[in-house]
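start28.txt, holding compact mmCIF, C-alpha atoms and all ligand atoms:
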```txt
# COMPACT_ATOMS: atom_id res chain seq x y z
CA MET E 41 -108.91 6.87 -46.49
CA SER E 42 -108.68 4.33 -43.69
CA LYS E 43 -111.72 4.04 -41.45
CA ARG E 44 -112.10 4.09 -37.71
CA ARG E 45 -112.99 0.83 -36.05
CA LYS E 46 -116.77 0.24 -36.14
CA ASP E 47 -117.12 -0.57 -32.45
CA PRO E 48 -114.85 1.75 -30.43
CA SER E 49 -115.96 0.08 -27.17
CA GLU E 50 -113.81 -2.93 -28.12
CA ILE E 51 -110.68 -0.97 -27.39
CA GLU E 52 -112.11 1.44 -24.84
CA LYS E 53 -110.59 -0.63 -22.06
CA TRP E 54 -107.16 0.36 -23.38
CA LEU E 55 -108.12 4.00 -23.92
CA PRO E 56 -110.29 5.37 -21.08
CA PRO E 57 -111.60 8.79 -22.24
CA ASP E 58 -109.82 10.86 -19.54
CA LYS E 59 -106.52 9.19 -20.20
CA LEU E 60 -106.90 9.52 -23.93
CA GLU E 61 -107.61 13.23 -23.61
CA SER E 62 -104.56 13.78 -21.40
CA PHE E 63 -102.38 11.81 -23.79
CA GLN E 64 -103.48 13.89 -26.76
CA LYS E 65 -103.10 17.22 -24.95
CA ASN E 66 -99.73 16.36 -23.43
CA LEU E 67 -98.32 15.07 -26.69
CA LEU E 68 -99.39 18.07 -28.76
CA ALA E 69 -98.13 20.52 -26.13
CA TRP E 70 -94.78 18.72 -26.00
CA TYR E 71 -94.50 18.63 -29.79
CA HIS E 72 -95.28 22.33 -30.08
CA ILE E 73 -92.02 23.03 -28.24
CA HIS E 74 -89.76 20.10 -29.15
CA GLN E 75 -90.57 19.08 -32.73
CA ARG E 76 -87.62 18.14 -34.91
CA ASP E 77 -86.69 20.21 -37.92
CA LEU E 78 -86.42 17.60 -40.67
CA PRO E 79 -86.00 18.25 -44.40
CA TRP E 80 -89.13 16.31 -45.42
CA ARG E 81 -91.22 18.54 -43.16
CA ARG E 82 -90.16 21.76 -44.87
CA PRO E 83 -92.83 23.49 -46.99
CA GLU E 84 -90.95 23.00 -50.29
CA ASN E 85 -90.86 19.23 -49.67
CA MET E 86 -94.48 18.76 -48.65
CA THR E 87 -95.55 17.30 -51.99
CA PRO E 88 -96.87 13.72 -52.26
CA TYR E 89 -93.87 12.70 -54.40
CA ARG E 90 -91.28 14.07 -52.00
CA ILE E 91 -93.05 12.59 -49.00
CA LEU E 92 -93.21 9.20 -50.69
CA VAL E 93 -89.47 9.39 -51.35
CA SER E 94 -88.77 10.23 -47.71
CA GLU E 95 -90.96 7.40 -46.40
CA ILE E 96 -89.36 4.79 -48.66
CA MET E 97 -85.94 5.99 -47.48
CA LEU E 98 -86.86 6.20 -43.80
CA HIS E 99 -88.26 2.71 -43.44
CA GLN E 100 -85.99 0.89 -40.96
CA THR E 101 -83.27 3.49 -41.45
CA GLN E 102 -81.97 6.18 -39.09
CA VAL E 103 -83.03 9.76 -39.74
CA GLN E 104 -79.44 11.00 -39.74
CA THR E 105 -78.48 8.46 -42.41
CA VAL E 106 -81.40 9.45 -44.60
CA ILE E 107 -81.02 13.25 -44.53
CA PRO E 108 -77.99 13.67 -46.90
CA VAL E 109 -79.24 10.94 -49.27
CA TYR E 110 -82.72 12.49 -49.40
CA GLU E 111 -81.34 15.95 -50.15
CA LYS E 112 -79.00 14.71 -52.86
CA PHE E 113 -81.76 12.58 -54.40
CA LEU E 114 -84.20 15.47 -54.70
CA GLU E 115 -81.55 17.73 -56.12
CA ARG E 116 -81.03 15.20 -58.92
CA PHE E 117 -84.67 14.00 -59.25
CA PRO E 118 -86.86 16.93 -58.21
CA THR E 119 -90.06 15.50 -59.72
CA ILE E 120 -91.58 12.10 -60.28
CA GLU E 121 -91.15 12.59 -64.03
CA THR E 122 -87.39 13.07 -63.73
CA LEU E 123 -87.20 9.96 -61.57
CA ALA E 124 -89.22 7.80 -63.99
CA LYS E 125 -86.92 8.74 -66.87
CA ALA E 126 -83.61 8.31 -65.02
CA PRO E 127 -81.35 5.28 -65.52
CA LEU E 128 -81.55 2.85 -62.60
CA GLU E 129 -77.76 2.93 -62.07
CA GLU E 130 -77.91 6.67 -61.51
CA ILE E 131 -80.68 6.28 -58.94
CA LYS E 132 -78.92 3.45 -57.13
CA ALA E 133 -75.67 5.41 -57.05
CA ILE E 134 -77.46 7.70 -54.60
CA THR E 135 -79.84 5.36 -52.75
CA ASP E 136 -77.45 2.44 -52.21
CA GLY E 137 -75.79 4.64 -49.58
CA LEU E 138 -78.81 3.91 -47.38
CA GLY E 139 -77.67 0.33 -47.03
CA TYR E 140 -80.85 -1.43 -48.13
CA LYS E 141 -80.14 -1.57 -51.82
CA VAL E 142 -83.48 -2.60 -53.26
CA ARG E 143 -84.89 0.84 -52.52
CA GLY E 144 -83.47 2.43 -55.68
CA SER E 145 -85.34 -0.13 -57.82
CA TRP E 146 -88.53 0.37 -55.83
CA LEU E 147 -88.41 4.12 -56.31
CA LYS E 148 -87.84 3.83 -60.05
CA GLU E 149 -90.65 1.24 -60.45
CA ILE E 150 -93.05 3.34 -58.37
CA ALA E 151 -92.31 6.41 -60.51
CA GLU E 152 -92.87 4.47 -63.73
CA ILE E 153 -96.15 2.95 -62.51
CA ILE E 154 -97.47 6.30 -61.36
CA ILE E 155 -96.53 8.08 -64.58
CA GLU E 156 -97.72 5.32 -66.92
CA LYS E 157 -100.81 4.06 -65.11
CA ASN E 158 -101.95 6.77 -62.74
CA GLN E 159 -101.55 10.03 -64.68
CA GLY E 160 -98.62 11.04 -62.50
CA LYS E 161 -100.71 11.05 -59.31
CA ILE E 162 -99.73 9.26 -56.10
CA PRO E 163 -102.66 7.04 -54.96
CA GLN E 164 -104.70 8.18 -51.97
CA THR E 165 -105.97 4.90 -50.55
CA LEU E 166 -104.30 2.30 -48.36
CA ASP E 167 -105.10 -0.51 -50.81
CA GLU E 168 -103.75 1.26 -53.88
CA LEU E 169 -100.63 2.46 -52.11
CA GLN E 170 -99.85 -1.03 -50.85
CA LYS E 171 -99.82 -2.34 -54.42
CA LEU E 172 -96.72 -0.22 -55.12
CA PRO E 173 -93.31 -1.94 -54.79
CA GLY E 174 -91.86 -1.62 -51.30
CA VAL E 175 -94.93 0.05 -49.82
CA GLY E 176 -96.29 -1.81 -46.80
CA ARG E 177 -98.89 -0.85 -44.23
CA TYR E 178 -96.60 1.54 -42.38
CA THR E 179 -95.34 3.40 -45.45
CA ALA E 180 -98.84 3.64 -46.93
CA GLY E 181 -100.19 5.08 -43.68
CA ALA E 182 -97.35 7.58 -43.47
CA ILE E 183 -97.97 8.76 -47.05
CA LEU E 184 -101.70 9.13 -46.40
CA SER E 185 -101.05 10.99 -43.18
CA PHE E 186 -98.22 13.30 -44.28
CA ALA E 187 -98.99 13.81 -47.97
CA PHE E 188 -102.79 13.86 -47.88
CA GLN E 189 -103.55 14.83 -44.29
CA HIS E 190 -105.67 11.75 -43.61
CA ASP E 191 -106.14 10.54 -40.03
CA ALA E 192 -104.34 7.32 -40.95
CA PRO E 193 -102.59 5.33 -38.21
CA ILE E 194 -98.91 4.56 -38.49
CA VAL E 195 -97.07 2.11 -36.27
CA ASP E 196 -93.29 2.04 -36.46
CA VAL E 197 -91.05 0.88 -33.62
CA ASN E 198 -91.10 4.29 -31.95
CA VAL E 199 -94.87 4.67 -32.07
CA GLU E 200 -95.41 1.09 -30.94
CA ARG E 201 -93.11 1.61 -27.96
CA VAL E 202 -94.86 4.81 -26.83
CA LEU E 203 -98.38 3.41 -27.17
CA SER E 204 -97.62 0.07 -25.57
CA ARG E 205 -95.89 1.71 -22.60
CA VAL E 206 -98.42 4.46 -21.95
CA PHE E 207 -101.50 2.27 -22.43
CA GLY E 208 -100.03 -0.89 -20.91
CA VAL E 209 -100.22 -3.24 -23.89
CA ASN E 210 -97.86 -6.14 -23.28
CA LYS E 211 -96.90 -7.96 -26.46
CA SER E 212 -95.96 -11.12 -24.61
CA GLU E 213 -99.55 -11.51 -23.39
CA PHE E 214 -100.83 -11.96 -26.94
CA GLN E 215 -100.85 -15.46 -28.36
CA SER E 216 -100.96 -14.19 -31.91
CA PRO E 217 -98.54 -11.49 -33.17
CA ALA E 218 -101.15 -10.53 -35.79
CA LYS E 219 -103.71 -9.84 -33.05
CA TYR E 220 -101.23 -7.64 -31.19
CA GLN E 221 -100.34 -5.77 -34.38
CA HIS E 222 -104.01 -5.30 -35.18
CA LEU E 223 -104.66 -3.85 -31.74
CA MET E 224 -101.68 -1.49 -32.04
CA TYR E 225 -103.06 -0.15 -35.31
CA ASP E 226 -106.50 0.27 -33.73
CA ILE E 227 -104.99 2.16 -30.81
CA ALA E 228 -102.79 4.25 -33.12
CA HIS E 229 -105.93 5.14 -35.06
CA CYS E 230 -108.12 5.95 -32.07
CA VAL E 231 -105.56 8.19 -30.35
CA ILE E 232 -105.50 10.62 -33.30
CA PRO E 233 -107.68 13.66 -32.58
CA PRO E 234 -110.05 14.15 -35.55
CA LYS E 235 -108.39 15.91 -38.50
CA LYS E 236 -105.03 16.08 -36.73
CA GLY E 237 -103.38 12.93 -38.06
CA PHE E 238 -100.73 14.92 -39.90
CA ILE E 239 -99.39 16.66 -36.84
CA PHE E 240 -100.24 13.98 -34.27
CA ASN E 241 -98.37 11.21 -36.07
CA GLN E 242 -95.31 13.44 -36.39
CA ALA E 243 -95.57 14.20 -32.67
CA LEU E 244 -95.78 10.49 -31.80
CA MET E 245 -92.71 9.70 -33.86
CA ASP E 246 -90.67 12.54 -32.37
CA PHE E 247 -91.76 11.65 -28.86
CA GLY E 248 -90.66 8.05 -29.36
CA ALA E 249 -87.34 9.17 -30.82
CA LEU E 250 -86.52 11.81 -28.20
CA ILE E 251 -88.28 10.97 -24.91
CA CYS E 252 -89.74 7.48 -24.75
CA ILE E 253 -86.57 5.92 -26.13
CA ALA E 254 -85.93 2.19 -26.04
CA ARG E 255 -83.06 1.63 -23.61
CA SER E 256 -83.61 4.28 -20.95
CA PRO E 257 -86.83 6.23 -21.43
CA ARG E 258 -86.48 9.81 -20.21
CA CYS E 259 -89.28 9.52 -17.67
CA SER E 260 -87.94 12.32 -15.46
CA VAL E 261 -88.75 14.91 -18.15
CA CYS E 262 -91.77 13.15 -19.63
CA PRO E 263 -95.19 14.80 -19.59
CA MET E 264 -96.90 11.39 -19.63
CA ARG E 265 -95.72 10.24 -16.21
CA LEU E 266 -99.09 10.63 -14.50
CA ILE E 267 -100.88 8.46 -17.04
CA CYS E 268 -98.15 6.05 -18.16
CA ILE E 269 -98.67 2.42 -17.15
CA TYR E 270 -95.04 1.54 -17.81
CA TYR E 271 -93.82 4.30 -15.51
CA GLN E 272 -96.27 3.31 -12.78
CA THR E 273 -95.21 -0.32 -12.94
CA HIS E 274 -91.45 0.35 -13.17
CA PRO E 275 -90.84 2.59 -10.12
CA GLN E 276 -87.09 2.24 -10.55
CA GLN E 277 -87.32 3.95 -13.92
CA LEU E 278 -86.95 7.50 -12.62
CA SER E 279 -83.70 6.81 -10.80
CA MET E 280 -82.28 4.95 -13.82
CA ASP E 281 -83.26 7.84 -16.05
CA GLN E 282 -81.47 10.30 -13.79
CA PHE E 283 -78.43 8.06 -13.82
CA PHE E 284 -78.30 7.93 -17.61
CA ASP E 285 -78.94 11.68 -17.89
CA SER E 286 -76.09 12.54 -15.54
CA PRO E 287 -73.15 14.37 -17.15
FE1 LIG S 1 -92.10 6.62 -21.91
FE2 LIG S 1 -91.36 7.02 -19.35
FE3 LIG S 1 -92.83 8.81 -20.60
FE4 LIG S 1 -93.88 6.48 -19.95
S1 LIG S 1 -93.17 8.07 -18.53
S2 LIG S 1 -94.13 7.56 -21.88
S3 LIG S 1 -92.12 5.11 -20.24
S4 LIG S 1 -90.72 8.24 -21.13
```

For this file, write the structure as structure tokens.
Amino acid sequence: MSKRRKDPSEIEKWLPPDKLESFQKNLLAWYHIHQRDLPWRRPENMTPYRILVSEIMLHQTQVQTVIPVYEKFLERFPTIETLAKAPLEEIKAITDGLGYKVRGSWLKEIAEIIIEKNQGKIPQTLDELQKLPGVGRYTAGAILSFAFQHDAPIVDVNVERVLSRVFGVNKSEFQSPAKYQHLMYDIAHCVIPPKKGFIFNQALMDFGALICIARSPRCSVCPMRLICIYYQTHPQQLSMDQFFDSP
């Protein structure tokens, strides 16, 4: 399991306690009402194997593109054993539809490694997961969070956008991209209420996809307005949002 930063005061300036509490409460309340119904969140698909498949497919790919491929894939390869034994061409015939064609090979290799070297069990640590083909920091965190309920941070473009806007982290002010990325992971870790990583990370992703969207964030219906640095420093945002929301 990933650990919390040793000295939380280092990032306390980004996350004042009152603001952090409001952010957590507002996000969970919003998610309770607006969460998306996605196939990989359904009870029958909440196994480590099926979550791993969804995360490999979702990386840098739109949800709507992934849904039919994911469903077809699991119909044909319902378990990691069936996937490990399947011919690569048959796997790719389904996954190549996602547009990033190496993913079929990754999935087959992962299945073989897990069956042959890990007794059929998906690893449960960041380091072990990142040794699997195609599994980077984001995918490993998502698997830990969604398959094993760890409070692991995940930072995709949606999450990064929400956190940087609400907490006022400006990428251009960082000389080193690695330093910025490191801070975003620290923030993404520290905002998770203890033992709620599973639900909180889903909420962050949905919020970034539905409310705090890239081009015209929907500030007029956003529960974060009172605490959001971006909103406070872009006073024109509300009127733009109303313009874009107009029928
Ligand atoms: Fe995003 Fe606007 Fe909400 Fe801030 S107020 S979190 S910019 S939608």

Taking all atoms of ligand LIG 1 (chain S) that the file lists and extending 4 Å past them on each side, where is the centre of the axis-aligned box and how long are its edges? Answer in Å to one decimal, as JSON.
```
{"center_x": -92.4, "center_y": 7.0, "center_z": -20.2, "size_x": 11.4, "size_y": 11.7, "size_z": 11.4}
```

Distance criterion (all atoms listed in the file): nearest to ligand LIG 1 (chain S) out of E:Gln170, E:Ser212, E:Asn198, E:Thr165: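 Closest candidate: E:Asn198.
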
So that I can check the surroundings of Arg90 in chain E, please list as a list of chain:residue names every protein, DNA and RNA residue that reaches within 10 Å of it, counting only C-alpha atoms and ignoring chain neighbours fewer than 5 positions away.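 Close residues of Arg90 in chain E: E:Trp80, E:Arg81, E:Glu84, E:Asn85, E:Glu95, E:Tyr110, E:Phe113, E:Leu114, E:Phe117, E:Pro118, E:Thr119, E:Ile120, E:Ile183, E:Ala187.
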
How many Å lie between CA of Glu200 in chain E and CA of Thr135 in chain E, rounded to one decimal? 27.1 Å

With the cut-off set at 9 Å and counting only C-alpha atoms and all ligand atoms, tabulate each residue of chain E with an atom at most that distance from an atom of ligand LIG 1 (chain S), showing the nearest atom pair and its distance in Å to one decimal, ordered by chain and increasing number, as a tab-separated table.
```
residue	atom	partner	partner_atom	distance
E:Arg201	CA	S:LIG1	FE1	7.9
E:Val202	CA	S:LIG1	S2	5.7
E:Leu203	CA	S:LIG1	S2	8.0
E:Arg205	CA	S:LIG1	S3	5.6
E:Val206	CA	S:LIG1	S2	5.3
E:Phe247	CA	S:LIG1	S2	8.4
E:Gly248	CA	S:LIG1	FE1	7.7
E:Leu250	CA	S:LIG1	S4	9.0
E:Ile251	CA	S:LIG1	S4	5.3
E:Cys252	CA	S:LIG1	FE1	3.8
E:Ile253	CA	S:LIG1	S4	6.9
E:Ala254	CA	S:LIG1	FE1	8.6
E:Ser256	CA	S:LIG1	S4	8.1
E:Pro257	CA	S:LIG1	S4	4.4
E:Arg258	CA	S:LIG1	S4	4.6
E:Cys259	CA	S:LIG1	FE2	3.7
E:Ser260	CA	S:LIG1	S1	7.4
E:Val261	CA	S:LIG1	S4	7.6
E:Cys262	CA	S:LIG1	FE3	4.6
E:Pro263	CA	S:LIG1	FE3	6.5
E:Met264	CA	S:LIG1	FE3	4.9
E:Arg265	CA	S:LIG1	S1	4.1
E:Leu266	CA	S:LIG1	S1	7.6
E:Ile267	CA	S:LIG1	FE4	7.8
E:Cys268	CA	S:LIG1	FE4	4.6
E:Ile269	CA	S:LIG1	FE4	6.9
E:Tyr270	CA	S:LIG1	S3	5.2
E:Tyr271	CA	S:LIG1	S1	4.9
E:Gln272	CA	S:LIG1	S1	8.1
E:His274	CA	S:LIG1	S3	8.5
E:Gln277	CA	S:LIG1	FE2	7.4
E:Leu278	CA	S:LIG1	FE2	8.1
E:Asp281	CA	S:LIG1	FE2	8.8
```

Just the residues within 8 Å of Leu68 in chain E, please, counting all atoms listed in the file, with nothing from its chain fewer than 4 positions along; format it as JSON, numbers by chain. {"E": [64, 72, 240, 243]}

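Each of E:Glu50, E:Ala249, E:Pro163, E:Pro108 was checked against Gly137 in chain E using all atoms listed in the file; the smallest atom-to-atom distance is that of E:Pro108.
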
Could you work out how far CA of Thr179 in chain E lies from CA of Ile239 in chain E, giving the answer in Å with one decimal?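 Calculated distance between CA of Ile239 in chain E and CA of Thr179 in chain E is 16.3 Å.
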
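Here the question is which of E:Leu78, E:Ala124, E:Ile232, E:Ile51 gets nearest to Gly160 in chain E using only C-alpha atoms, and that residue is E:Ala124.
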